[in-house]
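Content type mmCIF, C-alpha atoms, from the file upload.cif:
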data_entry
#
loop_
_atom_site.group_PDB
_atom_site.id
_atom_site.type_symbol
_atom_site.label_atom_id
_atom_site.label_comp_id
_atom_site.auth_asym_id
_atom_site.auth_seq_id
_atom_site.Cartn_x
_atom_site.Cartn_y
_atom_site.Cartn_z
ATOM 1 C CA MET A 1 25.779 60.650 -5.357
ATOM 2 C CA SER A 2 28.450 58.591 -7.052
ATOM 3 C CA ILE A 3 27.416 55.898 -9.516
ATOM 4 C CA PHE A 4 30.239 53.572 -8.422
ATOM 5 C CA THR A 5 31.111 52.054 -5.079
ATOM 6 C CA HIS A 6 34.637 51.311 -6.318
ATOM 7 C CA VAL A 7 36.752 50.450 -9.342
ATOM 8 C CA THR A 8 39.191 47.541 -9.514
ATOM 9 C CA VAL A 9 42.216 46.914 -11.729
ATOM 10 C CA GLY A 10 44.350 43.805 -11.784
ATOM 11 C CA THR A 11 48.046 43.414 -11.105
ATOM 12 C CA ASN A 12 50.686 40.769 -11.627
ATOM 13 C CA ASP A 13 53.120 42.316 -9.121
ATOM 14 C CA LEU A 14 51.328 43.515 -5.999
ATOM 15 C CA ALA A 15 54.428 44.924 -4.287
ATOM 16 C CA LYS A 16 55.252 47.148 -7.262
ATOM 17 C CA ALA A 17 51.601 48.139 -7.686
ATOM 18 C CA ARG A 18 51.341 49.159 -4.028
ATOM 19 C CA LYS A 19 54.378 51.421 -4.323
ATOM 20 C CA PHE A 20 53.164 52.887 -7.639
ATOM 21 C CA TYR A 21 49.671 53.693 -6.345
ATOM 22 C CA ASP A 22 50.894 54.943 -2.964
ATOM 23 C CA ASP A 23 53.028 57.484 -4.856
ATOM 24 C CA VAL A 24 50.615 58.372 -7.642
ATOM 25 C CA LEU A 25 47.294 58.419 -5.773
ATOM 26 C CA GLY A 26 48.946 60.218 -2.880
ATOM 27 C CA LYS A 27 49.265 63.234 -5.186
ATOM 28 C CA LEU A 28 45.455 63.347 -5.324
ATOM 29 C CA GLY A 29 44.979 63.013 -1.581
ATOM 30 C CA PHE A 30 44.151 59.291 -1.629
ATOM 31 C CA LYS A 31 45.751 56.909 0.841
ATOM 32 C CA ARG A 32 45.973 53.173 1.145
ATOM 33 C CA LEU A 33 43.122 52.179 3.451
ATOM 34 C CA ALA A 34 43.666 48.425 3.637
ATOM 35 C CA ASP A 35 45.787 45.557 2.427
ATOM 36 C CA LEU A 36 44.109 42.278 1.608
ATOM 37 C CA GLY A 37 47.084 40.086 2.396
ATOM 38 C CA ASP A 38 48.765 38.844 -0.776
ATOM 39 C CA ASN A 39 45.591 39.469 -2.817
ATOM 40 C CA GLY A 40 45.475 43.262 -3.118
ATOM 41 C CA SER A 41 45.077 46.698 -1.593
ATOM 42 C CA ILE A 42 42.430 49.407 -1.345
ATOM 43 C CA TRP A 43 42.832 53.200 -1.688
ATOM 44 C CA GLY A 44 40.439 56.031 -0.965
ATOM 45 C CA VAL A 45 39.900 59.196 1.037
ATOM 46 C CA ASP A 46 37.227 58.371 3.597
ATOM 47 C CA LYS A 47 35.902 55.132 2.110
ATOM 48 C CA PRO A 48 37.184 52.362 -0.194
ATOM 49 C CA SER A 49 37.188 53.663 -3.784
ATOM 50 C CA PHE A 50 39.967 51.995 -5.775
ATOM 51 C CA PHE A 51 41.127 48.371 -5.523
ATOM 52 C CA VAL A 52 44.217 46.743 -7.018
ATOM 53 C CA LEU A 53 43.879 42.964 -6.905
ATOM 54 C CA LYS A 54 45.444 39.810 -8.185
ATOM 55 C CA PRO A 55 42.776 38.109 -10.316
ATOM 56 C CA ALA A 56 40.605 35.756 -8.249
ATOM 57 C CA ASN A 57 40.737 33.076 -10.951
ATOM 58 C CA GLY A 58 44.527 32.751 -10.614
ATOM 59 C CA GLN A 59 45.132 33.755 -14.235
ATOM 60 C CA PRO A 60 47.475 36.643 -15.124
ATOM 61 C CA ALA A 61 46.004 40.140 -14.934
ATOM 62 C CA SER A 62 45.433 41.800 -18.307
ATOM 63 C CA VAL A 63 44.190 45.195 -19.427
ATOM 64 C CA GLY A 64 40.951 45.967 -21.217
ATOM 65 C CA ASN A 65 41.345 47.599 -24.617
ATOM 66 C CA GLY A 66 39.341 50.824 -24.475
ATOM 67 C CA VAL A 67 39.140 50.832 -20.655
ATOM 68 C CA THR A 68 40.306 53.898 -18.698
ATOM 69 C CA VAL A 69 39.978 54.544 -14.974
ATOM 70 C CA SER A 70 39.700 58.286 -14.365
ATOM 71 C CA PHE A 71 40.267 60.016 -11.027
ATOM 72 C CA GLU A 72 39.052 63.450 -9.972
ATOM 73 C CA ALA A 73 41.630 66.063 -9.003
ATOM 74 C CA GLN A 74 40.975 69.214 -7.023
ATOM 75 C CA SER A 75 43.422 71.298 -9.071
ATOM 76 C CA ARG A 76 45.532 71.364 -12.176
ATOM 77 C CA ALA A 77 48.616 71.225 -9.952
ATOM 78 C CA GLN A 78 47.421 67.846 -8.620
ATOM 79 C CA ILE A 79 47.047 66.606 -12.198
ATOM 80 C CA ASN A 80 50.580 67.676 -13.057
ATOM 81 C CA ALA A 81 51.904 65.996 -9.891
ATOM 82 C CA PHE A 82 49.925 62.780 -10.611
ATOM 83 C CA HIS A 83 51.291 62.568 -14.155
ATOM 84 C CA ASP A 84 54.872 63.321 -13.081
ATOM 85 C CA ALA A 85 54.650 60.727 -10.292
ATOM 86 C CA ALA A 86 53.244 58.087 -12.640
ATOM 87 C CA LEU A 87 56.094 58.550 -15.105
ATOM 88 C CA SER A 88 58.724 58.708 -12.339
ATOM 89 C CA ALA A 89 57.372 55.438 -10.908
ATOM 90 C CA GLY A 90 57.785 53.664 -14.248
ATOM 91 C CA GLY A 91 54.371 54.279 -15.796
ATOM 92 C CA GLN A 92 53.921 55.162 -19.468
ATOM 93 C CA ASP A 93 52.728 58.511 -20.798
ATOM 94 C CA GLU A 94 49.349 58.278 -22.532
ATOM 95 C CA GLY A 95 48.602 62.009 -22.730
ATOM 96 C CA VAL A 96 50.439 64.970 -21.233
ATOM 97 C CA ALA A 97 48.755 67.249 -18.736
ATOM 98 C CA GLY A 98 46.811 70.005 -20.417
ATOM 99 C CA PRO A 99 43.428 71.322 -21.509
ATOM 100 C CA ARG A 100 40.878 68.977 -23.064
ATOM 101 C CA ASN A 101 38.464 70.757 -25.358
ATOM 102 C CA TRP A 102 35.466 68.430 -24.991
ATOM 103 C CA ALA A 103 34.187 70.159 -21.823
ATOM 104 C CA PRO A 104 34.502 73.642 -20.306
ATOM 105 C CA ASN A 105 37.615 73.983 -18.105
ATOM 106 C CA ALA A 106 38.557 70.334 -18.644
ATOM 107 C CA TYR A 107 42.201 69.723 -17.761
ATOM 108 C CA ALA A 108 43.599 66.185 -17.713
ATOM 109 C CA ALA A 109 46.525 63.808 -18.015
ATOM 110 C CA TYR A 110 46.762 60.129 -18.950
ATOM 111 C CA ALA A 111 49.240 57.388 -18.012
ATOM 112 C CA ARG A 112 49.488 53.616 -17.819
ATOM 113 C CA ASP A 113 50.419 51.842 -14.599
ATOM 114 C CA LEU A 114 53.078 49.115 -14.388
ATOM 115 C CA ASP A 115 50.560 46.454 -15.504
ATOM 116 C CA GLY A 116 49.368 48.537 -18.482
ATOM 117 C CA ASN A 117 46.076 49.745 -16.960
ATOM 118 C CA LYS A 118 45.153 53.111 -18.479
ATOM 119 C CA LEU A 119 44.621 55.895 -15.953
ATOM 120 C CA ALA A 120 43.371 59.446 -16.310
ATOM 121 C CA VAL A 121 42.959 62.337 -13.932
ATOM 122 C CA TYR A 122 40.599 65.262 -14.568
ATOM 123 C CA CYS A 123 39.743 68.627 -13.071
ATOM 124 C CA PHE A 124 36.880 70.779 -14.350
ATOM 125 C CA LYS A 125 37.569 73.878 -12.243
ATOM 126 C CA ALA A 126 38.565 77.131 -13.918
ATOM 127 C CA GLU A 127 42.032 78.282 -12.907
#
Here is a file; write its structure as structure tokens.
Amino acid sequence: MSIFTHVTVGTNDLAKARKFYDDVLGKLGFKRLADLGDNGSIWGVDKPSFFVLKPANGQPASVGNGVTVSFEAQSRAQINAFHDAALSAGGQDEGVAGPRNWAPNAYAAYARDLDGNKLAVYCFKAE
């Protein structure tokens, strides 16, 4: 059982965010499930899991200091592809793909999206 129904990040440029997340989340097997008009979009596998929205209060989207949204990958190859896609799409490197010593078999990469939201992707499978 998951502890979250979904996670949401904000954007100030929905068109660019849609392209970024279509490319980057596609590497993990996620697809865009729905568009919410000019307000946002939803990605997932078989149910809504990740939302990118313009803030409902009409103010500019901003990032949370210390906030990271982390996705699960099925392989280290997916992590490498996610990180490469994020950087190719204009995202910023926040941690190259590689082992993380805090957990057995942890392998991860970090990047920021076009709005500055910090993203991570992890796999805990031995390879």
Residues returned when the PyMOL selection byres ((chain A and resi 43) around 7) runs on this file, as JSON, numbers by chain: {"A": [30, 31, 32, 33, 41, 42, 44, 48, 49, 50, 51]}
Result set of the PyMOL selection byres ((chain A and resi 82) around 9) on the coordinates above, as a VMD selection string: chain A and resid 23 to 28 77 to 81 83 to 87 109 121
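In this model, the gap between atom CA of Asn65 of chain A and atom CA of Asp13 of chain A comes to 20.2 Å.
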Just say which residues the PyMOL selection byres ((chain A and resi 8) around 12) picks in this file, as a PyMOL selection string. chain A and resi 4-7+9-11+40-43+48-56+61+63-64+67-70+117+119
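The space separating atom CA of Ala108 of chain A from atom CA of Ala126 of chain A comes to 12.6 Å.
Coordinates place atom CA of Gly29 of chain A at a distance of 16.9 Å from atom CA of Lys125 of chain A.
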Identify, on the basis of all atoms listed in the file, every residue whose closest approach to Asp113 of chain A does not exceed 7 Å; exclude the query and any residue fewer than 4 positions from it along the same chain; express the result as a ChimeraX atom specification. /A:91-92,117-118
Residue neighbourhood Glu127 of chain A, 12 Å, only C-alpha atoms, exclusion window fewer than 3 positions, as a PDB file with C-alpha atoms, in the frame of the given file:
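As a result, around.pdb now contains:
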ATOM      1  CA  GLN A  74      40.975  69.214  -7.023  1.00  0.00           C
ATOM      2  CA  SER A  75      43.422  71.298  -9.071  1.00  0.00           C
ATOM      3  CA  ARG A  76      45.532  71.364 -12.176  1.00  0.00           C
ATOM      4  CA  ALA A  77      48.616  71.225  -9.952  1.00  0.00           C
ATOM      5  CA  PRO A  99      43.428  71.322 -21.509  1.00  0.00           C
ATOM      6  CA  PRO A 104      34.502  73.642 -20.306  1.00  0.00           C
ATOM      7  CA  ASN A 105      37.615  73.983 -18.105  1.00  0.00           C
ATOM      8  CA  ALA A 106      38.557  70.334 -18.644  1.00  0.00           C
ATOM      9  CA  TYR A 107      42.201  69.723 -17.761  1.00  0.00           C
ATOM     10  CA  CYS A 123      39.743  68.627 -13.071  1.00  0.00           C
ATOM     11  CA  PHE A 124      36.880  70.779 -14.350  1.00  0.00           C
TER      12      PHE A 124
END
